[in-house]
Amino acid sequence: MHKKTKLSVLIFSLVVVFSIPAYADGYYGIRALGMGGALRGAATGSSALLLNPAGMSLINSYVVGAEYEYRVRREGHVAHVSVIDSITSKNVAAGIYYNFFSSRPEVFSPIMQEKTKLNKQGHQTGLAISVPLGSHLILGANARYQYFKTITKVQDEEGELADHESDSVNTVGVDVGAMVRISEYFNVSLVGTNLIPTKSMDAPLQLNTGMAFIYGKYLLVDLDVVLDFDVPERKKMVNVHGGVEGFLGGQFAIRGGTFYKSYWDATYVTTGFGYVHPKIAVDLAFAQQVQGGIETQFGLAVRLFLN
């Protein structure tokens with residue numbers, strides 16, 4: 001490969017890595033999306049697999065879940081399937097899951113001097129466990145295999161455009177979480193995400209904190225702060241998520257929230273609705289970016305309770 005071609009690849013790779021928001025760490029699950037991505041202090045079921053593995057032990061259930069999320073501007077698709085069992089063993093809750101990510105974001109190419117679409121894909125599959133230690137502390141861990149790649153268009157030696165893998169991650173990811181039940185109304189959580197560093201914004205090293213106020217089956221308020229250590233500028237590493245969930249008649253959930261990602265200076269407002277039956281639950285969520293862009297996200301989730 002000629003020096004000019006190598007330089008073109010390097011320039012475009014840097015543009016790709018630092019101009020496109022990560023999509024794997026931006027998937028919170030449909031229930032949490034309706035609450036502004038804020039559920040680390042009270043995550044249960046599939047939300048626990050995505051946000052805080054310790055939360056699997058909060059309730060006794062055997063849940064099979066499937067979720068789908070679409071991101072309009074980036075032509076992004078996210079699919080999630082999972083099984084969580086906190087009934088079989090009194091001392092250990094466990095869950096298995098698979099996530100698929102695909103998007104075609106548009107960026108400006110300094111090589112072609114025009115906008116072009118990227119092809120980003122990713123896969124995650126993993127196993128999580130949680131163990132309650134007494135009545136106030138729960139510990140959890142999540143281990144997964146993850147593979148992400150970004151395909152771009154660059155000029156080859158003859159000046160023709162060709163596919164080039166500008167960024168990829170092929171590694172094991174590990175999350176560790178703790179949840180402290182201060183009282184029947186308050187939880188606090190601490191979660192380390194991607195503790196085996198990848199130096200990639202598709203699987204960033206993060207420290208997550210969460211605080212939740214829970215009033216029985218009627219009201220949940222959650223506030224999360226996430227420190228992202230794999231952004232280029234450390235001064236812009238703080239993400240904030242806040243959300244509320246209220247139940248009407250014990251079956252109908254109404255959710256709302258907001259989140260802010262400081263590196264992208266991006267603010268979203270979200271809403272969500274849910275129906276919960278002893279055997280099945282259906283969740284809908286919608287998020288709209290109101291600062292730093294115009295991305296729109298919406299999703300659907302179905303959960304089956306087999307206990």
# chains A, B, ... in the order shown; residues from 1 in each chain; ligands from 1
$ closest_atom_pairs --of "stretch 26-118 of chain A" --to "stretch 235-259 of chain A" --cutoff "7 Å" --atoms "only C-alpha atoms" --output "Markdown table"
| residue | atom | partner | partner_atom | distance |
| --- | --- | --- | --- | --- |
| A:Gly34 | CA | A:Arg255 | CA | 5.6 |
| A:Met35 | CA | A:Gly243 | CA | 4.1 |
| A:Gly36 | CA | A:Gly257 | CA | 4.2 |
| A:Gly37 | CA | A:His241 | CA | 5.8 |
| A:Ala38 | CA | A:His241 | CA | 5.0 |
$ residues_around --residues "stretch 288-297 of chain A" --least-positions-apart "5" --cutoff "10 Å" --atoms "only C-alpha atoms" --output "list of chain:residue names"
A:Leu33, A:Glu69, A:Tyr70, A:Arg71, A:Val72, A:Arg73, A:Arg74, A:Glu75, A:Gly76, A:His77, A:Thr258, A:Phe259, A:Tyr260, A:Lys261, A:Ser262, A:Trp264, A:Asp265, A:Ala266, A:Thr267, A:Tyr268, A:Val269, A:Thr270, A:Thr271
$ residues_around --residues "A:Phe186" --least-positions-apart "2" --cutoff "6 Å" --atoms "only C-alpha atoms" --output "ChimeraX atom specification"
/A:182-183,212-213
$ write_last_selection --atoms "N, CA and C atoms" --output "compact mmCIF listing (two decimals), in the first residue's frame"
# COMPACT_ATOMS: atom_id res chain seq x y z
N ILE A 182 -30.23 0.09 50.93
CA ILE A 182 -30.15 0.86 52.17
C ILE A 182 -31.41 0.70 52.99
N SER A 183 -32.55 0.71 52.35
CA SER A 183 -33.83 0.48 52.99
C SER A 183 -34.78 -0.07 51.96
N ALA A 212 -31.59 4.84 43.41
CA ALA A 212 -32.99 4.59 43.08
C ALA A 212 -33.87 4.77 44.31
N PHE A 213 -35.00 5.45 44.11
CA PHE A 213 -36.05 5.55 45.12
C PHE A 213 -37.20 4.68 44.65
$ select_by_dssp --residues "stretch 23-219 of chain A" --states "strand (DSSP E or B)" --output "ChimeraX atom specification"
/A:62-71,76-85,93-103,106-109,114-117,119-133,137-155,161-181,186-193,206-215,219
$ residues_around --residues "stretch 48-61 of chain A" --least-positions-apart "2" --cutoff "8 Å" --atoms "only C-alpha atoms" --output "count of residues only"
40
$ atom_distance --atom1 "atom CA of A:Ser47" --atom2 "atom CA of A:Val64"
12.2 Å
$ decode --residues "stretch 257-293 of chain A" --atoms "N, CA and C atoms" --output "compact mmCIF listing (two decimals), in the first residue's frame"
# COMPACT_ATOMS: atom_id res chain seq x y z
N GLY A 257 -38.01 10.36 30.98
CA GLY A 257 -36.65 10.63 31.44
C GLY A 257 -35.86 11.46 30.46
N THR A 258 -34.60 11.63 30.77
CA THR A 258 -33.68 12.36 29.91
C THR A 258 -32.27 11.86 30.16
N PHE A 259 -31.39 12.01 29.17
CA PHE A 259 -29.98 11.73 29.40
C PHE A 259 -29.12 12.67 28.59
N TYR A 260 -27.90 12.85 29.10
CA TYR A 260 -26.96 13.79 28.50
C TYR A 260 -25.61 13.13 28.40
N LYS A 261 -25.02 13.13 27.17
CA LYS A 261 -23.68 12.61 26.94
C LYS A 261 -22.76 13.79 26.65
N SER A 262 -21.86 14.06 27.57
CA SER A 262 -21.11 15.31 27.52
C SER A 262 -20.12 15.36 26.36
N TYR A 263 -19.49 14.22 26.00
CA TYR A 263 -18.50 14.28 24.93
C TYR A 263 -19.13 14.74 23.62
N TRP A 264 -20.34 14.26 23.36
CA TRP A 264 -21.05 14.63 22.13
C TRP A 264 -21.91 15.88 22.33
N ASP A 265 -21.98 16.38 23.58
CA ASP A 265 -22.87 17.48 23.92
C ASP A 265 -24.29 17.18 23.42
N ALA A 266 -24.74 15.95 23.70
CA ALA A 266 -26.01 15.44 23.18
C ALA A 266 -27.00 15.24 24.32
N THR A 267 -28.20 15.79 24.16
CA THR A 267 -29.26 15.65 25.14
C THR A 267 -30.46 14.97 24.49
N TYR A 268 -31.04 14.01 25.19
CA TYR A 268 -32.22 13.28 24.72
C TYR A 268 -33.34 13.41 25.74
N VAL A 269 -34.57 13.41 25.27
CA VAL A 269 -35.73 13.24 26.13
C VAL A 269 -36.40 11.94 25.71
N THR A 270 -36.95 11.21 26.68
CA THR A 270 -37.48 9.88 26.40
C THR A 270 -38.84 9.69 27.07
N THR A 271 -39.57 8.75 26.55
CA THR A 271 -40.82 8.33 27.17
C THR A 271 -41.04 6.86 26.87
N GLY A 272 -41.87 6.23 27.69
CA GLY A 272 -42.11 4.82 27.48
C GLY A 272 -43.40 4.38 28.14
N PHE A 273 -43.92 3.25 27.67
CA PHE A 273 -45.15 2.70 28.21
C PHE A 273 -44.99 1.19 28.34
N GLY A 274 -45.69 0.62 29.30
CA GLY A 274 -45.60 -0.82 29.49
C GLY A 274 -46.88 -1.41 30.00
N TYR A 275 -47.07 -2.68 29.67
CA TYR A 275 -48.19 -3.46 30.21
C TYR A 275 -47.60 -4.71 30.84
N VAL A 276 -47.93 -4.94 32.10
CA VAL A 276 -47.35 -6.06 32.84
C VAL A 276 -48.47 -6.97 33.33
N HIS A 277 -48.40 -8.22 32.91
CA HIS A 277 -49.35 -9.25 33.31
C HIS A 277 -48.54 -10.34 34.02
N PRO A 278 -49.15 -11.15 34.87
CA PRO A 278 -48.37 -12.21 35.54
C PRO A 278 -47.61 -13.13 34.59
N LYS A 279 -48.04 -13.24 33.33
CA LYS A 279 -47.37 -14.14 32.39
C LYS A 279 -46.61 -13.43 31.28
N ILE A 280 -46.92 -12.16 31.02
CA ILE A 280 -46.28 -11.47 29.91
C ILE A 280 -46.21 -9.98 30.18
N ALA A 281 -45.18 -9.35 29.64
CA ALA A 281 -45.05 -7.88 29.72
C ALA A 281 -44.63 -7.37 28.35
N VAL A 282 -45.17 -6.21 27.98
CA VAL A 282 -44.83 -5.56 26.72
C VAL A 282 -44.40 -4.13 27.02
N ASP A 283 -43.27 -3.72 26.47
CA ASP A 283 -42.73 -2.38 26.71
C ASP A 283 -42.48 -1.66 25.40
N LEU A 284 -42.81 -0.37 25.37
CA LEU A 284 -42.52 0.50 24.24
C LEU A 284 -41.73 1.69 24.75
N ALA A 285 -40.79 2.18 23.93
CA ALA A 285 -39.98 3.34 24.33
C ALA A 285 -39.68 4.21 23.12
N PHE A 286 -39.52 5.50 23.39
CA PHE A 286 -39.21 6.48 22.34
C PHE A 286 -38.23 7.48 22.91
N ALA A 287 -37.20 7.82 22.14
CA ALA A 287 -36.21 8.82 22.56
C ALA A 287 -35.96 9.78 21.41
N GLN A 288 -35.88 11.06 21.73
CA GLN A 288 -35.61 12.08 20.73
C GLN A 288 -34.45 12.95 21.17
N GLN A 289 -33.45 13.07 20.31
CA GLN A 289 -32.32 13.95 20.59
C GLN A 289 -32.77 15.39 20.36
N VAL A 290 -32.53 16.26 21.36
CA VAL A 290 -32.97 17.65 21.28
C VAL A 290 -31.80 18.62 21.30
N GLN A 291 -30.59 18.10 21.47
CA GLN A 291 -29.39 18.93 21.44
C GLN A 291 -28.24 18.10 20.89
N GLY A 292 -27.43 18.69 20.00
CA GLY A 292 -26.27 17.99 19.46
C GLY A 292 -26.57 17.07 18.30
N GLY A 293 -27.78 17.14 17.75
CA GLY A 293 -28.16 16.28 16.64
C GLY A 293 -29.66 16.08 16.61
